[in-house]
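Just query_23.pdb here, PDB, C-alpha atoms:
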```pdb
ATOM      1  CA  GLN A 158     112.234 109.279 125.399  1.00  0.00           C
ATOM      2  CA  VAL A 159     113.155 108.620 121.780  1.00  0.00           C
ATOM      3  CA  GLN A 160     111.100 110.346 119.115  1.00  0.00           C
ATOM      4  CA  LEU A 161     111.099 109.130 115.528  1.00  0.00           C
ATOM      5  CA  ALA A 162     110.308 111.049 112.357  1.00  0.00           C
ATOM      6  CA  GLU A 163     110.012 109.407 108.939  1.00  0.00           C
ATOM      7  CA  SER A 164     110.451 111.147 105.610  1.00  0.00           C
ATOM      8  CA  GLY A 165     110.901 110.312 101.952  1.00  0.00           C
ATOM      9  CA  GLY A 166     107.571 108.809 101.035  1.00  0.00           C
ATOM     10  CA  GLY A 167     105.722 109.717  97.877  1.00  0.00           C
ATOM     11  CA  LEU A 168     104.107 108.558  94.664  1.00  0.00           C
ATOM     12  CA  VAL A 169     106.143 106.402  92.308  1.00  0.00           C
ATOM     13  CA  GLN A 170     105.430 104.201  89.324  1.00  0.00           C
ATOM     14  CA  ALA A 171     105.798 100.440  89.527  1.00  0.00           C
ATOM     15  CA  GLY A 172     109.428  99.472  89.067  1.00  0.00           C
ATOM     16  CA  GLY A 173     110.639 102.714  90.570  1.00  0.00           C
ATOM     17  CA  SER A 174     112.586 103.453  93.730  1.00  0.00           C
ATOM     18  CA  LEU A 175     112.242 105.460  96.913  1.00  0.00           C
ATOM     19  CA  ARG A 176     114.471 106.031  99.917  1.00  0.00           C
ATOM     20  CA  LEU A 177     112.881 106.494 103.306  1.00  0.00           C
ATOM     21  CA  SER A 178     114.657 108.029 106.277  1.00  0.00           C
ATOM     22  CA  CYS A 179     113.872 107.875 109.969  1.00  0.00           C
ATOM     23  CA  ALA A 180     115.537 110.429 112.212  1.00  0.00           C
ATOM     24  CA  ALA A 181     115.664 109.665 115.923  1.00  0.00           C
ATOM     25  CA  SER A 182     116.128 111.960 118.869  1.00  0.00           C
ATOM     26  CA  GLY A 183     118.008 110.859 121.969  1.00  0.00           C
ATOM     27  CA  ARG A 184     121.538 109.824 122.813  1.00  0.00           C
ATOM     28  CA  THR A 185     120.984 106.076 122.990  1.00  0.00           C
ATOM     29  CA  PHE A 186     119.815 105.417 119.422  1.00  0.00           C
ATOM     30  CA  SER A 187     122.821 103.214 118.742  1.00  0.00           C
ATOM     31  CA  ASN A 188     121.861 100.825 121.562  1.00  0.00           C
ATOM     32  CA  TYR A 189     118.644  99.643 119.941  1.00  0.00           C
ATOM     33  CA  ALA A 190     117.547  97.585 116.986  1.00  0.00           C
ATOM     34  CA  MET A 191     115.348  99.486 114.553  1.00  0.00           C
ATOM     35  CA  ALA A 192     112.699  98.315 112.146  1.00  0.00           C
ATOM     36  CA  TRP A 193     110.317  99.342 109.404  1.00  0.00           C
ATOM     37  CA  PHE A 194     106.706  98.214 109.392  1.00  0.00           C
ATOM     38  CA  ARG A 195     103.948  99.101 106.960  1.00  0.00           C
ATOM     39  CA  GLN A 196     100.185  99.254 107.002  1.00  0.00           C
ATOM     40  CA  ALA A 197      97.948  99.230 103.963  1.00  0.00           C
ATOM     41  CA  PRO A 198      94.313 100.389 104.137  1.00  0.00           C
ATOM     42  CA  GLY A 199      92.128  97.795 105.800  1.00  0.00           C
ATOM     43  CA  LYS A 200      95.082  95.609 106.728  1.00  0.00           C
ATOM     44  CA  GLU A 201      97.090  94.993 109.867  1.00  0.00           C
ATOM     45  CA  ARG A 202     100.492  96.543 110.373  1.00  0.00           C
ATOM     46  CA  GLU A 203     103.110  94.167 109.023  1.00  0.00           C
ATOM     47  CA  PHE A 204     106.842  93.728 109.462  1.00  0.00           C
ATOM     48  CA  VAL A 205     109.077  94.802 106.591  1.00  0.00           C
ATOM     49  CA  VAL A 206     112.676  94.763 107.805  1.00  0.00           C
ATOM     50  CA  ALA A 207     114.819  95.235 110.909  1.00  0.00           C
ATOM     51  CA  ILE A 208     118.448  96.004 111.666  1.00  0.00           C
ATOM     52  CA  SER A 209     120.433  95.219 114.791  1.00  0.00           C
ATOM     53  CA  TRP A 210     121.747  97.921 117.078  1.00  0.00           C
ATOM     54  CA  GLY A 211     125.206  97.821 115.527  1.00  0.00           C
ATOM     55  CA  GLY A 212     123.979  97.339 111.977  1.00  0.00           C
ATOM     56  CA  GLY A 213     125.671  93.987 111.499  1.00  0.00           C
ATOM     57  CA  SER A 214     122.501  91.904 111.294  1.00  0.00           C
ATOM     58  CA  THR A 215     119.307  92.354 109.357  1.00  0.00           C
ATOM     59  CA  SER A 216     116.019  90.537 108.932  1.00  0.00           C
ATOM     60  CA  TYR A 217     113.685  90.940 105.948  1.00  0.00           C
ATOM     61  CA  ALA A 218     110.136  89.925 105.212  1.00  0.00           C
ATOM     62  CA  ASN A 219     110.051  87.494 102.300  1.00  0.00           C
ATOM     63  CA  SER A 220     107.932  89.902 100.284  1.00  0.00           C
ATOM     64  CA  VAL A 221     110.718  92.502 100.139  1.00  0.00           C
ATOM     65  CA  LYS A 222     113.878  90.396 100.071  1.00  0.00           C
ATOM     66  CA  GLY A 223     116.147  91.365  97.215  1.00  0.00           C
ATOM     67  CA  ARG A 224     114.288  94.641  96.627  1.00  0.00           C
ATOM     68  CA  PHE A 225     114.558  96.563  99.905  1.00  0.00           C
ATOM     69  CA  THR A 226     117.695  97.391 101.888  1.00  0.00           C
ATOM     70  CA  ILE A 227     117.859  98.708 105.436  1.00  0.00           C
ATOM     71  CA  SER A 228     120.848 100.583 106.797  1.00  0.00           C
ATOM     72  CA  ARG A 229     121.640 102.860 109.701  1.00  0.00           C
ATOM     73  CA  ASP A 230     124.045 105.661 110.510  1.00  0.00           C
ATOM     74  CA  ASN A 231     124.430 105.777 114.279  1.00  0.00           C
ATOM     75  CA  ALA A 232     126.465 108.971 114.087  1.00  0.00           C
ATOM     76  CA  LYS A 233     123.447 110.671 112.503  1.00  0.00           C
ATOM     77  CA  ASN A 234     120.807 108.849 114.570  1.00  0.00           C
ATOM     78  CA  THR A 235     119.140 107.806 111.321  1.00  0.00           C
ATOM     79  CA  VAL A 236     117.896 104.589 109.779  1.00  0.00           C
ATOM     80  CA  TYR A 237     117.215 104.267 106.071  1.00  0.00           C
ATOM     81  CA  LEU A 238     115.080 102.080 103.853  1.00  0.00           C
ATOM     82  CA  GLU A 239     116.092 101.844 100.209  1.00  0.00           C
ATOM     83  CA  MET A 240     113.184 100.464  98.192  1.00  0.00           C
ATOM     84  CA  ASN A 241     113.732  99.286  94.613  1.00  0.00           C
ATOM     85  CA  VAL A 242     111.559  97.564  92.024  1.00  0.00           C
ATOM     86  CA  LEU A 243     108.501  98.832  93.818  1.00  0.00           C
ATOM     87  CA  LYS A 244     105.189  97.088  93.228  1.00  0.00           C
ATOM     88  CA  PRO A 245     101.615  98.325  93.695  1.00  0.00           C
ATOM     89  CA  GLU A 246     101.294  95.942  96.639  1.00  0.00           C
ATOM     90  CA  ASP A 247     104.028  97.900  98.425  1.00  0.00           C
ATOM     91  CA  THR A 248     101.573 100.783  98.767  1.00  0.00           C
ATOM     92  CA  ALA A 249     101.157 101.536 102.473  1.00  0.00           C
ATOM     93  CA  VAL A 250     102.029 103.893 105.268  1.00  0.00           C
ATOM     94  CA  TYR A 251     105.559 103.032 106.370  1.00  0.00           C
ATOM     95  CA  TYR A 252     106.521 103.374 110.035  1.00  0.00           C
ATOM     96  CA  CYS A 253     109.894 103.151 111.682  1.00  0.00           C
ATOM     97  CA  ALA A 254     110.112 101.675 115.147  1.00  0.00           C
ATOM     98  CA  LYS A 255     112.633 101.372 117.957  1.00  0.00           C
ATOM     99  CA  SER A 256     113.184  98.135 119.852  1.00  0.00           C
ATOM    100  CA  LYS A 257     112.383  98.159 123.544  1.00  0.00           C
ATOM    101  CA  ARG A 258     115.466  96.065 124.397  1.00  0.00           C
ATOM    102  CA  ALA A 259     118.888  97.675 124.566  1.00  0.00           C
ATOM    103  CA  PHE A 260     121.390  95.523 122.657  1.00  0.00           C
ATOM    104  CA  GLY A 261     118.638  93.023 121.874  1.00  0.00           C
ATOM    105  CA  TRP A 262     118.524  90.911 118.736  1.00  0.00           C
ATOM    106  CA  GLY A 263     117.786  87.393 117.659  1.00  0.00           C
ATOM    107  CA  GLY A 264     115.070  84.807 117.272  1.00  0.00           C
ATOM    108  CA  SER A 265     111.681  86.095 116.255  1.00  0.00           C
ATOM    109  CA  MET A 266     112.227  89.402 117.984  1.00  0.00           C
ATOM    110  CA  ALA A 267     112.817  91.443 114.855  1.00  0.00           C
ATOM    111  CA  ALA A 268     109.405  90.814 113.308  1.00  0.00           C
ATOM    112  CA  THR A 269     107.339  91.017 116.476  1.00  0.00           C
ATOM    113  CA  LEU A 270     105.244  94.160 116.800  1.00  0.00           C
ATOM    114  CA  GLY A 271     105.327  94.037 120.600  1.00  0.00           C
ATOM    115  CA  GLU A 272     109.120  94.233 120.676  1.00  0.00           C
ATOM    116  CA  TYR A 273     109.016  97.914 119.694  1.00  0.00           C
ATOM    117  CA  ASP A 274     108.117 100.748 122.041  1.00  0.00           C
ATOM    118  CA  ALA A 275     108.543 103.892 119.959  1.00  0.00           C
ATOM    119  CA  TRP A 276     106.982 104.642 116.582  1.00  0.00           C
ATOM    120  CA  GLY A 277     107.123 107.438 114.079  1.00  0.00           C
ATOM    121  CA  GLN A 278     104.068 109.111 112.584  1.00  0.00           C
ATOM    122  CA  GLY A 279     104.469 107.243 109.293  1.00  0.00           C
ATOM    123  CA  THR A 280     105.108 108.249 105.707  1.00  0.00           C
ATOM    124  CA  GLN A 281     102.859 107.340 102.786  1.00  0.00           C
ATOM    125  CA  VAL A 282     104.258 105.314  99.910  1.00  0.00           C
ATOM    126  CA  THR A 283     102.025 104.923  96.880  1.00  0.00           C
ATOM    127  CA  VAL A 284     103.050 102.787  93.907  1.00  0.00           C
ATOM    128  CA  SER A 285     100.990 103.188  90.757  1.00  0.00           C
ATOM    129  CA  SER A 286     100.641 100.420  88.189  1.00  0.00           C
TER     130      SER A 286
END
```

For the structure just supplied, provide its representation as structure tokens.
Amino acid sequence: QVQLAESGGGLVQAGGSLRLSCAASGRTFSNYAMAWFRQAPGKEREFVVAISWGGGSTSYANSVKGRFTISRDNAKNTVYLEMNVLKPEDTAVYYCAKSKRAFGWGGSMAATLGEYDAWGQGTQVTVSS
């Protein structure tokens, strides 16, 4: 079973940048799409961005387009989230997630919470104004 561990969160001023990492255990990491979700206090967990199993396709929430970039290194079993021009409304716990479908991608799958069957423990990102 794949285990995920996020790192890289912290406190940053508005306009600043952070890079999150998600390290995965298991030999089949490269077969699955990966995603980042976030959850702010009192709010539901929301989709941020996803990347296909091979890294050739991505899907972004409108709120982060042009500011966030997802990438993956299948040789290192790691997915990254580069976050630039951070805003106070980006404050949340950020979770990485693994798709439940090997070699799956397309349609509304990327942003659907139920499409993911493994989650990390989360890393806190706090953006001060």

*Quick one: apply the PyMOL selection byres ((chain A and resi 170) around 6) to the file and drop the selected residues here as a VMD selection string.*
chain A and resid 169 171 173 284 to 285

*Write out as a ChimeraX atom specification which residues come within 6 Å of Cys253 in chain A when counting only C-alpha atoms, dropping same-chain ones fewer than 4 positions away.*
/A:192-193,276-277

_From the options A:Thr226, A:Gln158, A:Gln281, A:Ser214, which residue's atoms come nearest to Ala249 in chain A, counting only C-alpha atoms?_
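Among A:Thr226, A:Gln158, A:Gln281, A:Ser214, it is A:Gln281 that comes nearest to Ala249 in chain A.
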
*Step by step, work through what the PyMOL selection byres ((chain A and resi 248) around 9) selects in the shown file, and finish by giving those residues as a ChimeraX atom specification.*
/A:195-197,243-247,249-251,281-285

*Could you check which of A:Ser228, A:Ser256, A:Ser178, A:Ser209 is closest to Val159 in chain A, using all atoms listed in the file?*
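Nearest candidate to Val159 in chain A out of A:Ser228, A:Ser256, A:Ser178, A:Ser209: A:Ser256.
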
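Separating CA of Met266 in chain A from CA of Thr215 in chain A is a distance of 11.5 Å.
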
*If you apply the PyMOL selection byres ((chain A and resi 268) around 8) to this file, what residues do you get, as a list in words?*
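Here the PyMOL selection byres ((chain A and resi 268) around 8) matches Phe204, Val205, Val206, Ala207, Ser216, Ser265, Met266, Ala267, Thr269 and Leu270 of chain A.
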
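The space separating CA of Asn234 in chain A from CA of Gly172 in chain A comes to 29.5 Å.
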
Range 218-230 of chain A, all listed atoms, 4 Å padding on each side: what axis-aligned box centre and edge lengths in Å to one decimal come out, as lines of an AutoDock Vina configuration file?
```
center_x = 116.0
center_y = 96.6
center_z = 103.6
size_x = 24.1
size_y = 26.2
size_z = 21.9
```

*Tell me, in Å to one decimal, how far CA of Arg184 in chain A is from CA of Gly213 in chain A.*
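Interatomic distance here is 19.9 Å.
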
*For each of A:Tyr273, A:Val242, A:Cys179, A:Arg258, take the minimum atom-to-atom distance to Asp230 in chain A, counting all atoms listed in the file, then give the residue where this is smallest.*
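The closest residue to Asp230 in chain A is A:Cys179.
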
*So which one's closest to Lys222 in chain A, A:Gly279, A:Met240, A:Thr235, A:Gly261? Using all atoms listed in the file, please.*
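Residue with the minimum atom-to-atom distance to Lys222 in chain A: A:Met240.
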
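Take the candidates A:Ser220, A:Ser286, A:Asn241, A:Gln278 and check each one against Leu175 in chain A using only C-alpha atoms; the shortest distance goes to A:Asn241.
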
*asked:* Residues near Ser187 in chain A, anyone? I mean within 7 Å using all atoms listed in the file, not counting same-chain ones fewer than 3 positions away, as a list in words.
replied: Trp210, Gly211 and Asn231 of chain A
